[in-house]
Amino acid sequence: MEFEVSKPAELLTFLLERMPQMNRTRAKEMLAHEVKVDGRKVTQFNYPLQPGMLVTIEKCNYKTRFAPRDLDIVYEDNHLVVVNKHEGLLSYSKKMSEKTVITVLNNYFAKTHQSCHAHIVHRLDRDTSGLMVVSKSKEVSQLFEKDWKERVYDRAYVAVAWGKVEPEKDTITSWLTDGEFCVLSSPEDNGGKKAVTHYEVKQCNNHFSLLELRLDTGRRNQIRVHLRELKHPVVHDPMYGYKEDRAPINRLALHAFKLCFYHPITRKRMEFETPYPSSFLKLMEE
């Protein structure tokens, strides 16, 4: 947008007069990044304008400028956001002081002037990276919860496990219960929650196996517990893995790389996929 100055005025006052729909906070933010006077960037609120000067407001991509550091925004619309969560970030916590996907997104929404709040739809472990969908309203979150299995039609993980996993394709079923320090698994129904994991080996070498995994159930730590049951734990897993884990990778080797669902409002098929983490692939070169 371009405006020609017709009478003397201070820059901030001029902007508010020309764009009455904009509040003072937004105008100040615009001055910090987007305003030029006669082709020169100006950030001074009381910059003196004179008749004949040309004020230019550049188009600005807020979502790029305020992109969070702890996750990547893969997709966003008025109802939901799909993110690629980095390892080390909690999905959700009752403690508002803790940094989580929810607090990071709420901060992003505030900075980009969106009147909404993030609502958890599903979770990933703190040390698991990958794709998550987060709703912008409680109503959309409830639509996911009401019909999760039908709405989410494909969800896949990639992991690097110790050793050569055999058979190359199989299904693991067990019943999981929360122990004092970790999740416990039983091959028989002991009153715990049934957990079903399908896996397929994609690559292997003398030390590691690269697997794709799909879940019929989304239990806490499910993949990590099931791979431990196979005696092929996830690389760099301090809770369920080997105590002497000497793999040259400084993170849990588990990533949610694929997420496909029917949009709860538009009903369109939404399909998202990320590459395997490069650190996982480097392990396969060992």
# chains A, B, ... in the order shown; residues from 1 in each chain; ligands from 1
>>> residues_around(residues="Phe3 in chain A", least_positions_apart="4", cutoff="7 Å", atoms="only C-alpha atoms", output="list of chain:residue names")
A:Leu54, A:Val55, A:Thr56
>>> write_last_selection(atoms="N, CA and C atoms", output="PDB file, in the first residue's frame")
ATOM      1  N   LEU A  54       5.983  10.094   0.159  1.00  0.00           N
ATOM      2  CA  LEU A  54       5.244   8.870  -0.137  1.00  0.00           C
ATOM      3  C   LEU A  54       5.527   7.827   0.959  1.00  0.00           C
ATOM      4  N   VAL A  55       4.454   7.385   1.642  1.00  0.00           N
ATOM      5  CA  VAL A  55       4.576   6.376   2.692  1.00  0.00           C
ATOM      6  C   VAL A  55       4.173   5.022   2.097  1.00  0.00           C
ATOM      7  N   THR A  56       5.068   4.046   2.176  1.00  0.00           N
ATOM      8  CA  THR A  56       4.828   2.708   1.625  1.00  0.00           C
ATOM      9  C   THR A  56       4.773   1.690   2.752  1.00  0.00           C
TER      10      THR A  56
END
>>> residues_around(residues="Gln44 in chain A", least_positions_apart="5", cutoff="12 Å", atoms="only C-alpha atoms", output="VMD selection string")
chain A and resid 10 to 13 27 to 37 49
>>> closest_atom_pairs(of="range 228-271 of chain A", to="range 163-186 of chain A", cutoff="10 Å", atoms="only C-alpha atoms", output="tab-separated table")
residue	atom	partner	partner_atom	distance
A:Arg228	CA	A:Ser185	CA	9.8
A:Glu229	CA	A:Ser185	CA	8.0
A:Leu230	CA	A:Val165	CA	8.0
A:Lys231	CA	A:Gly163	CA	8.7
A:His232	CA	A:Gly163	CA	6.1
A:Pro233	CA	A:Gly163	CA	8.7
A:Val234	CA	A:Gly163	CA	9.9
A:Val235	CA	A:Gly163	CA	9.8
A:Met239	CA	A:Cys182	CA	7.3
A:Tyr240	CA	A:Cys182	CA	8.2
>>> select_by_dssp(residues="range 33-78 of chain A", states="helix (DSSP H, G or I)", output="PyMOL selection string")
chain A and resi 33+62-65
>>> residues_around(residues="Asn78 in chain A", least_positions_apart="4", cutoff="12 Å", atoms="only C-alpha atoms", output="list in words")
Val82, Phe109, Gln114, Ser115, Cys116, His117, Ala118, Val134, Ser135, Lys136, Ser137, Val140, His263, Pro264, Ile265 and Thr266 of chain A
>>> residues_around(residues="Trp162 in chain A", least_positions_apart="6", cutoff="12 Å", atoms="only C-alpha atoms", output="VMD selection string")
chain A and resid 204 to 211 224 227 to 228 230 to 237 240 to 242 244 to 247 253 283 to 284
>>> write_last_selection(atoms="C-alpha atoms", output="CSV table (one decimal), in the first residue's frame")
chain,number,residue,atom,x,y,z
A,204,CYS,CA,19.7,-52.9,8.4
A,205,ASN,CA,23.5,-53.3,8.9
A,206,ASN,CA,25.8,-54.9,11.3
A,207,HIS,CA,24.6,-52.7,14.2
A,208,PHE,CA,21.2,-51.2,13.5
A,209,SER,CA,17.8,-51.7,11.9
A,210,LEU,CA,15.7,-48.9,10.4
A,211,LEU,CA,12.0,-49.6,10.8
A,224,ARG,CA,9.7,-47.9,22.9
A,227,LEU,CA,10.9,-52.8,20.7
A,228,ARG,CA,12.4,-53.5,24.1
A,230,LEU,CA,11.8,-57.7,20.9
A,231,LYS,CA,15.2,-57.2,22.5
A,232,HIS,CA,15.9,-54.5,19.9
A,233,PRO,CA,15.4,-51.3,21.8
A,234,VAL,CA,15.3,-47.8,20.2
A,235,VAL,CA,18.7,-46.3,19.9
A,236,HIS,CA,19.5,-43.7,22.6
A,237,ASP,CA,16.5,-44.6,24.8
A,240,TYR,CA,13.9,-48.6,27.8
A,241,GLY,CA,17.2,-49.0,26.0
A,242,TYR,CA,20.6,-50.3,26.8
A,244,GLU,CA,25.7,-48.7,27.6
A,245,ASP,CA,24.2,-47.1,24.5
A,246,ARG,CA,27.2,-45.9,22.5
A,247,ALA,CA,25.4,-45.0,19.3
A,253,ALA,CA,15.9,-42.4,17.4
A,283,LEU,CA,23.5,-44.6,11.5
A,284,MET,CA,22.6,-46.9,8.7
>>> closest_residue(among="A:Asn84, A:Ser279, A:Ser6, A:Ser93", to="Gln50 in chain A", atoms="only C-alpha atoms")
A:Ser6
>>> residues_around(residues="range 124-128 of chain A", least_positions_apart="5", cutoff="8 Å", atoms="only C-alpha atoms", output="list of chain:residue names")
A:His86, A:Glu87, A:Gly88, A:Leu89, A:Leu90, A:Ser91, A:Arg220, A:Asn221, A:Arg251, A:Leu252, A:Ala253, A:Leu254, A:His255, A:Ala256
>>> residues_around(residues="range 147-150 of chain A", least_positions_apart="5", cutoff="12 Å", atoms="only C-alpha atoms", output="ChimeraX atom specification")
/A:121-122,133,140-142,155,215-218,260-264,267
>>> select_by_dssp(residues="range 44-278 of chain A", states="strand (DSSP E)", output="PyMOL selection string")
chain A and resi 48-49+54-57+71-76+80-85+119-120+129-135+152-162+169-178+183-186+193-204+208-215+254-262+269-273
>>> atom_distance(atom1="CA of Ile120 in chain A", atom2="CA of Lys99 in chain A")
14.0 Å
>>> atom_distance(atom1="CA of Lys193 in chain A", atom2="CA of Val152 in chain A")
20.3 Å
>>> atom_distance(atom1="CA of Pro277 in chain A", atom2="CA of Phe66 in chain A")
24.3 Å
